[in-house]
$ cat query.txt   # compact mmCIF, C-alpha atoms
# COMPACT_ATOMS: atom_id res chain seq x y z
CA MET A 1 165.44 20.37 -358.19
CA ALA A 2 165.38 19.83 -354.46
CA VAL A 3 166.48 16.62 -352.78
CA LYS A 4 166.83 15.73 -349.13
CA VAL A 5 170.32 14.63 -348.09
CA SER A 6 170.83 12.79 -344.82
CA ILE A 7 174.21 13.41 -343.25
CA PRO A 8 175.92 10.83 -340.98
CA THR A 9 177.06 11.87 -337.49
CA ILE A 10 180.68 11.87 -338.52
CA LEU A 11 180.13 14.56 -341.18
CA ARG A 12 177.77 16.85 -339.27
CA THR A 13 180.60 19.18 -338.30
CA HIS A 14 180.15 20.51 -341.83
CA THR A 15 176.39 21.05 -341.49
CA SER A 16 176.31 22.73 -338.04
CA GLY A 17 175.01 19.49 -336.60
CA GLU A 18 172.10 19.20 -339.04
CA LYS A 19 171.04 15.59 -339.71
CA SER A 20 169.33 16.41 -342.94
CA VAL A 21 169.90 19.20 -345.44
CA GLU A 22 168.41 20.24 -348.76
CA ALA A 23 170.35 20.40 -351.97
CA SER A 24 169.75 20.58 -355.69
CA GLY A 25 171.24 19.09 -358.83
CA GLY A 26 170.46 16.63 -361.60
CA THR A 27 173.28 14.26 -360.72
CA LEU A 28 174.86 13.19 -357.44
CA GLY A 29 178.01 15.13 -358.40
CA GLN A 30 175.96 18.33 -358.84
CA VAL A 31 174.20 17.72 -355.53
CA ILE A 32 177.57 17.40 -353.79
CA ASP A 33 178.84 20.61 -355.45
CA ASP A 34 175.70 22.40 -354.32
CA LEU A 35 176.18 21.09 -350.77
CA GLU A 36 179.79 22.28 -350.80
CA SER A 37 178.67 25.85 -351.64
CA ARG A 38 176.83 26.03 -348.29
CA HIS A 39 178.68 23.43 -346.22
CA ALA A 40 182.34 23.98 -346.96
CA GLY A 41 184.67 21.02 -346.61
CA LEU A 42 182.00 18.38 -347.15
CA LYS A 43 183.01 17.56 -350.70
CA ALA A 44 186.59 16.75 -349.75
CA ARG A 45 185.28 14.22 -347.22
CA LEU A 46 183.05 12.51 -349.79
CA VAL A 47 185.02 12.61 -353.01
CA LYS A 48 188.60 11.50 -353.68
CA GLU A 49 190.10 11.73 -357.14
CA ASP A 50 186.75 12.22 -358.88
CA ALA A 51 185.17 9.17 -357.27
CA LEU A 52 183.39 8.50 -354.02
CA HIS A 53 185.68 7.94 -351.02
CA ARG A 54 186.27 4.21 -350.49
CA PHE A 55 184.64 4.26 -347.05
CA ILE A 56 181.63 6.36 -348.06
CA ASN A 57 178.42 4.85 -349.40
CA VAL A 58 175.74 7.01 -350.97
CA TYR A 59 172.22 5.82 -351.66
CA VAL A 60 169.56 7.50 -353.78
CA ASN A 61 166.21 6.23 -352.52
CA ASP A 62 168.04 3.32 -350.86
CA GLU A 63 169.90 2.25 -354.01
CA ASP A 64 173.72 2.34 -353.86
CA VAL A 65 174.85 4.88 -356.45
CA ARG A 66 177.94 2.85 -357.30
CA PHE A 67 175.60 0.65 -359.34
CA SER A 68 173.80 3.54 -361.03
CA GLY A 69 176.60 5.75 -362.29
CA GLY A 70 178.42 6.88 -359.15
CA LEU A 71 178.83 10.67 -359.15
CA ASN A 72 176.94 10.72 -362.46
CA ALA A 73 173.95 8.92 -360.95
CA GLU A 74 170.71 10.69 -361.81
CA VAL A 75 168.91 12.50 -359.02
CA LYS A 76 165.29 13.62 -359.33
CA ASP A 77 163.18 16.16 -357.49
CA GLY A 78 162.02 14.73 -354.17
CA ASP A 79 164.63 11.97 -354.03
CA ASN A 80 166.20 10.98 -350.73
CA VAL A 81 169.98 10.90 -350.73
CA THR A 82 171.57 9.03 -347.82
CA ILE A 83 175.27 9.26 -347.01
CA LEU A 84 176.74 6.59 -344.72
CA PRO A 85 180.21 5.43 -343.73
CA ALA A 86 181.03 1.86 -344.83
CA VAL A 87 180.77 -0.49 -341.85
CA ALA A 88 181.17 -4.23 -341.45
CA GLY A 89 178.25 -6.64 -341.40
CA GLY A 90 178.25 -10.39 -340.76
CA MET B 1 169.36 -40.11 -349.08
CA ALA B 2 169.07 -38.22 -345.81
CA ARG B 3 171.43 -40.30 -343.63
CA TYR B 4 174.75 -38.81 -342.48
CA ASP B 5 177.84 -39.88 -340.54
CA SER B 6 177.88 -36.70 -338.49
CA LEU B 7 176.06 -33.42 -338.03
CA LEU B 8 178.74 -31.66 -340.07
CA ASP B 9 177.95 -33.92 -343.02
CA ALA B 10 174.31 -32.84 -342.86
CA LEU B 11 175.31 -29.37 -344.06
CA GLY B 12 173.69 -27.78 -347.11
CA ASP B 13 171.34 -29.11 -349.75
CA THR B 14 168.65 -26.88 -348.31
CA PRO B 15 165.12 -26.56 -349.75
CA LEU B 16 164.13 -23.93 -352.29
CA VAL B 17 160.51 -23.00 -351.72
CA ARG B 18 158.17 -21.10 -354.04
CA LEU B 19 156.32 -18.22 -352.43
CA ALA B 20 152.98 -18.23 -354.22
CA ARG B 21 151.38 -15.47 -352.15
CA LEU B 22 154.24 -12.99 -352.14
CA SER B 23 155.12 -13.45 -355.81
CA PRO B 24 153.81 -10.47 -357.81
CA SER B 25 152.27 -12.65 -360.55
CA GLU B 26 152.22 -16.11 -362.16
CA ASP B 27 155.07 -14.95 -364.38
CA VAL B 28 157.25 -13.38 -361.73
CA ARG B 29 157.99 -15.94 -359.08
CA LEU B 30 159.78 -15.57 -355.73
CA TRP B 31 161.79 -18.46 -354.30
CA ALA B 32 163.17 -18.75 -350.78
CA LYS B 33 166.35 -20.76 -350.07
CA LEU B 34 165.87 -22.01 -346.53
CA GLU B 35 169.35 -21.76 -345.05
CA ASP B 36 167.98 -22.05 -341.52
CA ARG B 37 167.88 -25.79 -342.30
CA ASN B 38 171.59 -26.12 -341.61
CA PRO B 39 173.23 -27.79 -338.59
CA THR B 40 173.26 -24.71 -336.32
CA GLY B 41 170.38 -23.02 -338.08
CA SER B 42 172.06 -20.52 -340.37
CA ILE B 43 173.77 -20.09 -343.72
CA LYS B 44 177.00 -19.44 -341.80
CA ASP B 45 177.50 -23.16 -341.25
CA ARG B 46 178.73 -23.33 -344.85
CA PRO B 47 181.57 -20.78 -344.65
CA ALA B 48 182.41 -21.70 -341.05
CA LEU B 49 183.02 -25.35 -341.85
CA ALA B 50 184.82 -24.49 -345.10
CA MET B 51 187.17 -22.06 -343.34
CA LEU B 52 187.84 -24.52 -340.53
CA GLU B 53 188.62 -27.37 -342.90
CA ALA B 54 190.83 -25.17 -345.08
CA ALA B 55 192.84 -24.18 -341.98
CA GLU B 56 193.16 -27.84 -340.98
CA ARG B 57 194.43 -28.73 -344.47
CA ASP B 58 196.94 -25.85 -344.42
CA GLY B 59 198.22 -27.01 -341.05
CA ARG B 60 197.30 -23.66 -339.43
CA LEU B 61 194.80 -25.38 -337.18
CA THR B 62 196.23 -28.23 -335.14
CA PRO B 63 194.61 -30.32 -332.39
CA GLY B 64 193.87 -28.29 -329.26
CA ALA B 65 194.35 -24.96 -331.02
CA THR B 66 192.41 -21.80 -330.16
CA ILE B 67 190.20 -20.22 -332.81
CA LEU B 68 189.50 -16.48 -332.71
CA GLU B 69 186.74 -14.83 -334.75
CA PRO B 70 184.97 -11.47 -334.97
CA THR B 71 181.28 -12.23 -335.44
CA SER B 72 177.86 -10.70 -334.90
CA GLY B 73 176.66 -14.19 -334.02
CA ASN B 74 175.90 -16.79 -336.64
CA THR B 75 179.46 -17.45 -337.82
CA GLY B 76 180.55 -17.72 -334.21
CA ILE B 77 177.76 -20.18 -333.39
CA ALA B 78 178.61 -22.32 -336.44
CA LEU B 79 182.32 -22.30 -335.60
CA ALA B 80 181.63 -23.04 -331.94
CA MET B 81 179.67 -26.16 -332.88
CA ALA B 82 182.37 -27.38 -335.25
CA ALA B 83 185.10 -26.49 -332.73
CA ARG B 84 183.35 -28.58 -330.08
CA LEU B 85 183.17 -31.59 -332.37
CA ARG B 86 186.79 -31.21 -333.50
CA GLY B 87 188.30 -30.34 -330.12
CA TYR B 88 189.28 -26.70 -330.50
CA ARG B 89 188.89 -23.84 -328.07
CA ILE B 90 187.09 -20.82 -329.51
CA ILE B 91 186.94 -17.13 -328.64
CA CYS B 92 184.36 -14.94 -330.38
CA VAL B 93 184.57 -11.17 -330.45
CA MET B 94 181.00 -9.90 -330.68
CA PRO B 95 179.46 -6.42 -330.50
CA GLU B 96 177.60 -5.90 -327.22
CA ASN B 97 174.40 -4.83 -329.05
CA THR B 98 173.48 -8.29 -330.29
CA SER B 99 170.56 -10.45 -329.17
CA VAL B 100 170.77 -12.37 -325.91
CA GLU B 101 170.03 -15.65 -327.72
CA ARG B 102 173.23 -15.35 -329.73
CA ARG B 103 175.22 -15.09 -326.50
CA GLN B 104 173.32 -17.97 -324.95
CA LEU B 105 173.98 -20.21 -327.94
CA LEU B 106 177.67 -19.34 -328.06
CA ALA B 107 177.96 -20.04 -324.34
CA ALA B 108 176.04 -23.32 -324.70
CA TYR B 109 178.55 -24.52 -327.29
CA GLY B 110 181.36 -23.55 -324.95
CA ALA B 111 182.64 -20.49 -326.79
CA GLU B 112 184.27 -17.69 -324.85
CA ILE B 113 182.85 -14.25 -325.73
CA ARG B 114 184.75 -10.96 -325.70
CA PHE B 115 182.45 -8.00 -326.23
CA SER B 116 183.27 -5.03 -328.40
CA PRO B 117 181.55 -1.64 -327.95
CA ALA B 118 178.14 -1.06 -329.55
CA ALA B 119 179.25 2.17 -331.24
CA GLY B 120 180.90 1.26 -334.49
CA GLY B 121 179.11 -2.11 -334.74
CA SER B 122 181.00 -4.98 -336.30
CA ASN B 123 183.84 -2.64 -337.27
CA GLN B 124 184.84 -2.59 -333.63
CA ALA B 125 184.57 -6.38 -333.34
CA VAL B 126 186.94 -6.70 -336.29
CA ALA B 127 189.34 -4.17 -334.78
CA VAL B 128 189.33 -5.85 -331.35
CA ALA B 129 189.84 -9.30 -332.90
CA LYS B 130 192.78 -8.03 -334.93
CA GLU B 131 194.37 -6.61 -331.76
CA LEU B 132 193.86 -9.90 -329.93
CA ALA B 133 195.36 -11.79 -332.86
CA GLU B 134 198.49 -9.67 -332.63
CA GLU B 135 198.77 -10.21 -328.90
CA HIS B 136 198.27 -13.97 -329.30
CA PRO B 137 200.06 -15.13 -332.42
CA ASP B 138 199.28 -18.76 -331.55
CA TRP B 139 195.52 -18.17 -331.85
CA VAL B 140 194.08 -18.89 -335.29
CA MET B 141 191.85 -16.14 -336.66
CA LEU B 142 189.85 -17.58 -339.56
CA TYR B 143 188.64 -14.06 -340.41
CA GLN B 144 185.41 -14.48 -342.36
CA TYR B 145 185.69 -11.03 -343.98
CA GLY B 146 188.84 -11.89 -345.90
CA ASN B 147 189.04 -15.68 -345.97
CA PRO B 148 188.63 -16.93 -349.56
CA ALA B 149 187.17 -20.21 -348.20
CA ASN B 150 184.08 -18.20 -347.15
CA ALA B 151 183.11 -17.15 -350.69
CA GLU B 152 184.41 -20.46 -352.05
CA ALA B 153 181.94 -22.38 -349.86
CA HIS B 154 179.08 -20.55 -351.57
CA TYR B 155 180.67 -20.86 -355.00
CA SER B 156 180.95 -24.61 -354.63
CA THR B 157 177.74 -25.44 -352.70
CA THR B 158 175.07 -22.70 -352.35
CA GLY B 159 175.41 -21.49 -355.95
CA PRO B 160 175.25 -24.93 -357.61
CA GLU B 161 172.28 -25.95 -355.43
CA ILE B 162 170.34 -22.86 -356.52
CA LEU B 163 171.08 -23.36 -360.20
CA ARG B 164 170.24 -27.09 -359.97
CA ASP B 165 166.86 -26.33 -358.40
CA LEU B 166 166.09 -23.20 -360.44
CA PRO B 167 167.85 -23.35 -363.82
CA GLU B 168 165.60 -20.53 -365.06
CA ILE B 169 166.79 -18.11 -362.34
CA THR B 170 166.86 -14.44 -363.41
CA HIS B 171 167.71 -12.73 -360.09
CA PHE B 172 169.59 -13.71 -356.96
CA VAL B 173 169.15 -11.58 -353.84
CA GLY B 174 171.19 -12.02 -350.68
CA GLY B 175 172.25 -10.17 -347.56
CA LEU B 176 175.48 -8.21 -347.56
CA GLY B 177 177.65 -8.71 -344.50
CA THR B 178 180.98 -10.37 -345.08
CA THR B 179 179.91 -10.36 -348.76
CA GLY B 180 180.81 -14.09 -348.94
CA THR B 181 177.34 -15.29 -349.97
CA LEU B 182 176.81 -12.71 -352.69
CA VAL B 183 180.32 -12.91 -354.10
CA GLY B 184 180.43 -16.74 -354.05
CA VAL B 185 176.90 -17.47 -355.28
CA GLY B 186 176.96 -14.47 -357.62
CA ARG B 187 180.21 -15.50 -359.25
CA TYR B 188 178.97 -19.06 -359.80
CA LEU B 189 175.62 -17.97 -361.21
CA ARG B 190 177.12 -15.36 -363.51
CA GLU B 191 179.53 -17.92 -364.93
CA HIS B 192 176.75 -20.41 -365.58
CA ARG B 193 173.78 -18.18 -366.30
CA PRO B 194 174.84 -15.07 -368.22
CA GLY B 195 172.49 -12.16 -367.67
CA VAL B 196 171.51 -13.18 -364.15
CA GLN B 197 171.13 -10.21 -361.81
CA VAL B 198 172.91 -10.37 -358.45
CA VAL B 199 171.41 -8.00 -355.92
CA ALA B 200 172.64 -7.16 -352.43
CA ALA B 201 170.45 -6.12 -349.51
CA GLU B 202 172.47 -4.31 -346.90
CA PRO B 203 171.12 -3.65 -343.40
CA ARG B 204 170.77 0.00 -342.45
CA TYR B 205 170.99 0.47 -338.70
CA GLY B 206 170.48 3.37 -336.36
CA GLU B 207 173.13 6.04 -336.05
CA LEU B 208 174.96 4.36 -333.18
CA VAL B 209 176.28 1.65 -335.45
CA TYR B 210 177.79 4.21 -337.82
CA GLY B 211 179.45 6.01 -334.92
CA LEU B 212 183.00 5.90 -336.22
CA ARG B 213 185.55 8.36 -334.86
CA ASN B 214 186.84 9.07 -338.33
CA LEU B 215 186.18 7.89 -341.84
CA ASP B 216 189.37 5.89 -342.02
CA GLU B 217 187.80 3.50 -339.50
CA GLY B 218 185.37 2.56 -342.28
CA PHE B 219 185.47 -1.00 -343.46
CA VAL B 220 184.97 -2.86 -346.72
CA PRO B 221 185.51 -6.62 -346.43
CA GLU B 222 188.52 -7.88 -348.34
CA LEU B 223 186.25 -10.45 -350.00
CA TYR B 224 184.02 -7.81 -351.55
CA ASP B 225 184.02 -7.81 -355.34
CA PRO B 226 181.60 -5.16 -356.65
CA GLU B 227 182.03 -6.57 -360.18
CA VAL B 228 179.91 -9.57 -359.19
CA LEU B 229 176.95 -7.44 -358.09
CA THR B 230 174.45 -5.72 -360.35
CA GLY B 231 172.66 -3.75 -357.63
CA ARG B 232 172.85 -2.94 -353.95
CA TYR B 233 170.08 -1.68 -351.68
CA SER B 234 170.10 -0.35 -348.15
CA VAL B 235 167.18 -1.54 -346.01
CA GLY B 236 166.29 -0.03 -342.65
CA SER B 237 164.96 -1.73 -339.52
CA TYR B 238 161.32 -0.82 -340.20
CA ASP B 239 161.18 -2.33 -343.70
CA ALA B 240 163.22 -5.36 -342.60
CA LEU B 241 160.85 -6.05 -339.73
CA ARG B 242 157.72 -5.40 -341.78
CA ARG B 243 158.85 -7.93 -344.38
CA THR B 244 159.96 -10.46 -341.75
CA ARG B 245 156.42 -10.44 -340.35
CA GLN B 246 154.89 -10.56 -343.82
CA LEU B 247 156.97 -13.64 -344.69
CA LEU B 248 155.63 -15.34 -341.59
CA THR B 249 151.98 -14.38 -341.94
CA GLU B 250 151.68 -14.89 -345.70
CA GLU B 251 154.04 -17.76 -346.38
CA GLY B 252 154.48 -19.35 -342.95
CA ILE B 253 158.25 -18.87 -342.91
CA PHE B 254 159.63 -17.87 -339.50
CA ALA B 255 162.85 -16.11 -340.45
CA GLY B 256 165.40 -13.85 -338.81
CA ILE B 257 165.31 -10.13 -339.35
CA SER B 258 168.05 -9.88 -341.96
CA THR B 259 165.85 -12.08 -344.15
CA GLY B 260 163.18 -9.38 -344.02
CA ALA B 261 165.69 -6.92 -345.47
CA VAL B 262 166.56 -9.39 -348.22
CA LEU B 263 162.89 -10.02 -348.96
CA HIS B 264 162.30 -6.26 -349.15
CA ALA B 265 164.95 -5.96 -351.89
CA ALA B 266 163.70 -9.13 -353.62
CA LEU B 267 160.14 -7.80 -353.73
CA GLY B 268 161.39 -4.48 -355.11
CA VAL B 269 163.24 -6.33 -357.86
CA ALA B 270 160.28 -8.65 -358.57
CA GLU B 271 157.82 -5.77 -358.77
CA LYS B 272 160.10 -3.96 -361.22
CA VAL B 273 160.18 -7.06 -363.44
CA ALA B 274 156.41 -7.43 -363.23
CA GLY B 275 155.91 -3.71 -363.92
CA ALA B 276 157.98 -4.04 -367.10
CA GLY B 277 155.68 -6.86 -368.24
CA GLU B 278 158.51 -9.38 -368.14
CA SER B 279 158.76 -12.76 -366.48
CA GLY B 280 161.30 -13.74 -363.87
CA ASP B 281 162.43 -16.14 -361.18
CA VAL B 282 163.84 -14.36 -358.17
CA ALA B 283 165.64 -16.48 -355.58
CA PHE B 284 166.60 -15.05 -352.21
CA VAL B 285 168.31 -16.35 -349.10
CA VAL B 286 166.63 -17.00 -345.76
CA ALA B 287 169.85 -16.71 -343.75
CA ASP B 288 168.45 -17.95 -340.44
CA GLY B 289 165.26 -18.62 -338.51
CA GLY B 290 163.61 -16.23 -336.09
CA TRP B 291 164.44 -18.13 -332.91
CA LYS B 292 167.45 -16.02 -332.00
CA TYR B 293 165.45 -12.77 -332.18
CA LEU B 294 162.35 -13.59 -330.15
CA SER B 295 163.66 -11.68 -327.14
CA THR B 296 163.82 -8.49 -329.22
CA GLY B 297 160.02 -8.46 -329.48
CA ALA B 298 160.32 -8.35 -333.25
CA TYR B 299 157.42 -10.67 -333.98
CA SER B 300 154.60 -9.16 -331.95
CA GLY B 301 153.13 -5.83 -330.95
CA ASP B 302 153.28 -2.51 -332.72
CA LEU B 303 155.57 -2.55 -335.75
CA THR B 304 156.89 0.98 -335.31
CA ASP B 305 157.76 0.40 -331.64
CA ALA B 306 159.45 -2.90 -332.43
CA ALA B 307 161.44 -1.33 -335.26
CA GLN B 308 162.57 1.46 -332.97
CA ARG B 309 163.81 -1.02 -330.39
CA LEU B 310 165.74 -2.84 -333.09
CA ASP B 311 167.41 0.27 -334.42
CA THR B 312 170.32 0.15 -331.99
CA GLN B 313 170.73 -3.65 -332.31
CA LEU B 314 172.79 -5.50 -334.87
CA TRP B 315 170.05 -7.59 -336.43
CA ALA B 316 171.98 -9.03 -339.37

$ encode --input "query.txt" --output "structure tokens"
Amino acid sequence: MAVKVSIPTILRTHTSGEKSVEASGGTLGQVIDDLESRHAGLKARLVKEDALHRFINVYVNDEDVRFSGGLNAEVKDGDNVTILPAVAGG
Amino acid sequence: MARYDSLLDALGDTPLVRLARLSPSEDVRLWAKLEDRNPTGSIKDRPALAMLEAAERDGRLTPGATILEPTSGNTGIALAMAARLRGYRIICVMPENTSVERRQLLAAYGAEIRFSPAAGGSNQAVAVAKELAEEHPDWVMLYQYGNPANAEAHYSTTGPEILRDLPEITHFVGGLGTTGTLVGVGRYLREHRPGVQVVAAEPRYGELVYGLRNLDEGFVPELYDPEVLTGRYSVGSYDALRRTRQLLTEEGIFAGISTGAVLHAALGVAEKVAGAGESGDVAFVVADGGWKYLSTGAYSGDLTDAAQRLDTQLWA
């Protein structure tokens, strides 16, 4: 199942500068494992101790995965996965 | 009664307005809490005054003192007004990619502005303010991102007002910045209305704003309590702007751009409820009016062009 993953500037060293890459998997965790197989080093930037890095937010179709299962969040064919560093608002 | 001893006393008790046209059905109703009806025109008057008064009570803030605050605008404007009335000097650290009206208002109230670089957004404003606070230990940084009085202001005023006016509330949707509104209102509502959904709408900017040098420069406000939230959505400039215009044309409400992002999430939630054949009352926050964003061209002309212009600006 193919999904589109958008990569923030700060992590593009792992994707040869690509802003957006394809990946597959039925959960976010599987998508990240699939990404790691082609973009080595990415997983270690995103995942710490089996959970998302504190300063990384991941959205599936604009919904924060921390409220839909985290790394176990379901991902469907055609979904958009967006990775962003956590920044301040206000 | 609508008579007050001072402008500061006129804070809060804002209207909750039903949006008949934008509501998906008779059974799923949208309600807008008009926080632009506060003394300086934004919801930030609540936390600003609460933080200032808490610091006065603690003895941290004494007559003639200098207040320091990282802000993308509204908190600074609210603090600057209160500082003027109470006789404090105020320095605001603000990202350079904010609207000209915010600067003009801060200057009009007599605040001094120190700009932080656009890249990195409010993260940089926080970092610069923390440096300044170390260099000037006599300055009082109220620090909206970690000051419990921020969330407490919403717990003790915004939340109770919403429940009083809408006891049947099923969903609350607010903007996520300092997280004070969502954590404070959310905590109050969840204690008093079990089952209520508390949904965050977070602005998604252009890449510039996420231009951190490394991930450890990332930032999660100390006030943030994910346990209070039931959902969190990221809303980009285009959707925020589209909804801001829709709120104006369909319901007559002239709101700031962050409100469009909140409305986008609120409509998503409301449509889900309607789609499931359920009923619901969805309240969301209009954080400020549109006045401070007119110069961005947000309200007229081609939507795509306007959204593109906004992408590098901090609009929430």

$ interface_residues --input "query.txt" --of "chain B" --to "chain A" --cutoff "7 Å" --atoms "only C-alpha atoms" --output "ChimeraX atom specification"
/B:71-72,122-123,176-178,210-212,214-215,218-220,230-235,316

$ write_last_selection --input "query.txt" --atoms "C-alpha atoms" --output "mmCIF file, in the coordinates of the input"
data_model
loop_
_atom_site.group_PDB
_atom_site.id
_atom_site.type_symbol
_atom_site.label_atom_id
_atom_site.label_comp_id
_atom_site.auth_asym_id
_atom_site.auth_seq_id
_atom_site.Cartn_x
_atom_site.Cartn_y
_atom_site.Cartn_z
ATOM 1 C CA THR B 71 181.280 -12.230 -335.440
ATOM 2 C CA SER B 72 177.860 -10.700 -334.900
ATOM 3 C CA SER B 122 181.000 -4.980 -336.300
ATOM 4 C CA ASN B 123 183.840 -2.640 -337.270
ATOM 5 C CA LEU B 176 175.480 -8.210 -347.560
ATOM 6 C CA GLY B 177 177.650 -8.710 -344.500
ATOM 7 C CA THR B 178 180.980 -10.370 -345.080
ATOM 8 C CA TYR B 210 177.790 4.210 -337.820
ATOM 9 C CA GLY B 211 179.450 6.010 -334.920
ATOM 10 C CA LEU B 212 183.000 5.900 -336.220
ATOM 11 C CA ASN B 214 186.840 9.070 -338.330
ATOM 12 C CA LEU B 215 186.180 7.890 -341.840
ATOM 13 C CA GLY B 218 185.370 2.560 -342.280
ATOM 14 C CA PHE B 219 185.470 -1.000 -343.460
ATOM 15 C CA VAL B 220 184.970 -2.860 -346.720
ATOM 16 C CA THR B 230 174.450 -5.720 -360.350
ATOM 17 C CA GLY B 231 172.660 -3.750 -357.630
ATOM 18 C CA ARG B 232 172.850 -2.940 -353.950
ATOM 19 C CA TYR B 233 170.080 -1.680 -351.680
ATOM 20 C CA SER B 234 170.100 -0.350 -348.150
ATOM 21 C CA VAL B 235 167.180 -1.540 -346.010
ATOM 22 C CA ALA B 316 171.980 -9.030 -339.370
#

$ atom_distance --input "query.txt" --atom1 "CA of Asp311 (chain B)" --atom2 "CA of Arg12 (chain A)"
20.1 Å

$ closest_residue --input "query.txt" --among "B:Leu166, B:Met51, B:Ile43, B:Val126" --to "Gly289 (chain B)" --atoms "all atoms listed in the file"
B:Ile43

$ residues_around --input "query.txt" --residues "region 15-20 of chain A" --least-positions-apart "4" --cutoff "6 Å" --atoms "only C-alpha atoms" --output "ChimeraX atom specification"
/A:5-7,39

$ atom_distance --input "query.txt" --atom1 "CA of Pro70 (chain B)" --atom2 "CA of Ser42 (chain B)"
16.7 Å

$ residues_near_point --input "query.txt" --point "(182.6, 18.9, -346.5)" --cutoff "10 Å" --atoms "all atoms listed in the file" --output "mmCIF file with C-alpha atoms, in the frame of the given file"
data_model
loop_
_atom_site.group_PDB
_atom_site.id
_atom_site.type_symbol
_atom_site.label_atom_id
_atom_site.label_comp_id
_atom_site.auth_asym_id
_atom_site.auth_seq_id
_atom_site.Cartn_x
_atom_site.Cartn_y
_atom_site.Cartn_z
ATOM 1 C CA LEU A 11 180.130 14.560 -341.180
ATOM 2 C CA ARG A 12 177.770 16.850 -339.270
ATOM 3 C CA THR A 13 180.600 19.180 -338.300
ATOM 4 C CA HIS A 14 180.150 20.510 -341.830
ATOM 5 C CA THR A 15 176.390 21.050 -341.490
ATOM 6 C CA ILE A 32 177.570 17.400 -353.790
ATOM 7 C CA ASP A 33 178.840 20.610 -355.450
ATOM 8 C CA LEU A 35 176.180 21.090 -350.770
ATOM 9 C CA GLU A 36 179.790 22.280 -350.800
ATOM 10 C CA SER A 37 178.670 25.850 -351.640
ATOM 11 C CA ARG A 38 176.830 26.030 -348.290
ATOM 12 C CA HIS A 39 178.680 23.430 -346.220
ATOM 13 C CA ALA A 40 182.340 23.980 -346.960
ATOM 14 C CA GLY A 41 184.670 21.020 -346.610
ATOM 15 C CA LEU A 42 182.000 18.380 -347.150
ATOM 16 C CA LYS A 43 183.010 17.560 -350.700
ATOM 17 C CA ALA A 44 186.590 16.750 -349.750
ATOM 18 C CA ARG A 45 185.280 14.220 -347.220
ATOM 19 C CA LEU A 46 183.050 12.510 -349.790
ATOM 20 C CA VAL A 47 185.020 12.610 -353.010
#

$ atom_distance --input "query.txt" --atom1 "CA of Tyr143 (chain B)" --atom2 "CA of Thr181 (chain B)"
14.9 Å

$ residues_around --input "query.txt" --residues "Ala274 (chain B)" --least-positions-apart "4" --cutoff "12 Å" --atoms "all atoms listed in the file" --output "list in words"
Ser23, Pro24, Ser25, Glu26, Asp27, Val28, Arg29, Leu30, Leu267, Gly268, Val269, Ala270, Glu278, Ser279, Gly280, Asp281 and Val282 of chain B

$ residues_around --input "query.txt" --residues "region 290-305 of chain B" --least-positions-apart "4" --cutoff "8 Å" --atoms "all atoms listed in the file" --output "ChimeraX atom specification"
/B:99-102,238,241-242,245,254-257,309-310

$ closest_residue --input "query.txt" --among "B:Ala20, B:Ala2, B:Ala153, B:Leu68" --to "Ala54 (chain B)" --atoms "all atoms listed in the file"
B:Ala153

$ closest_residue --input "query.txt" --among "B:Leu11, B:Val285, B:Ile169, B:Leu182" --to "Ala78 (chain B)" --atoms "only C-alpha atoms"
B:Leu11

$ axis_aligned_box --input "query.txt" --around "region 71-79 of chain A" --padding-each-side "6 Å" --output "AutoDock Vina command-line options"
--center_x 170.4 --center_y 12.5 --center_z -358.2 --size_x 28.8 --size_y 19.2 --size_z 20.4

$ residues_around --input "query.txt" --residues "Ala2 (chain A)" --least-positions-apart "5" --cutoff "9 Å" --atoms "all atoms listed in the file" --output "number ranges by chain"
A: 22-25, 76-79

$ residues_around --input "query.txt" --residues "Gly186 (chain B)" --least-positions-apart "3" --cutoff "6 Å" --atoms "all atoms listed in the file" --output "MDAnalysis selection string"
chainID B and resid 182:183 189:190 198 228

$ write_last_selection --input "query.txt" --atoms "C-alpha atoms" --output "short mmCIF file (atom, residue, chain, number, x, y, z; two decimals), in the frame of the given file"
data_model
loop_
_atom_site.label_atom_id
_atom_site.label_comp_id
_atom_site.auth_asym_id
_atom_site.auth_seq_id
_atom_site.Cartn_x
_atom_site.Cartn_y
_atom_site.Cartn_z
CA LEU B 182 176.81 -12.71 -352.69
CA VAL B 183 180.32 -12.91 -354.10
CA LEU B 189 175.62 -17.97 -361.21
CA ARG B 190 177.12 -15.36 -363.51
CA VAL B 198 172.91 -10.37 -358.45
CA VAL B 228 179.91 -9.57 -359.19
#

$ residues_near_point --input "query.txt" --point "(193.4, -17.2, -343.6)" --cutoff "12 Å" --atoms "all atoms listed in the file" --output "ChimeraX atom specification"
/B:50-61,67-69,139-150,222-223

$ decode --input "query.txt" --residues "region 172-176 of chain B" --atoms "N, CA and C atoms" --output "JSON list (two decimals), in the first residue's frame"
[["chain", "number", "residue", "atom", "x", "y", "z"],
["B", 172, "PHE", "N", -15.20, 20.69, 21.91],
["B", 172, "PHE", "CA", -14.57, 22.01, 21.99],
["B", 172, "PHE", "C", -13.37, 22.01, 21.06],
["B", 173, "VAL", "N", -13.27, 23.02, 20.21],
["B", 173, "VAL", "CA", -12.14, 23.11, 19.28],
["B", 173, "VAL", "C", -11.44, 24.45, 19.47],
["B", 174, "GLY", "N", -10.13, 24.41, 19.65],
["B", 174, "GLY", "CA", -9.37, 25.64, 19.84],
["B", 174, "GLY", "C", -8.03, 25.57, 19.14],
["B", 175, "GLY", "N", -7.39, 26.72, 19.03],
["B", 175, "GLY", "CA", -6.08, 26.78, 18.38],
["B", 175, "GLY", "C", -4.99, 26.36, 19.36],
["B", 176, "LEU", "N", -3.96, 25.72, 18.79],
["B", 176, "LEU", "CA", -2.86, 25.24, 19.63],
["B", 176, "LEU", "C", -1.63, 26.12, 19.41]]
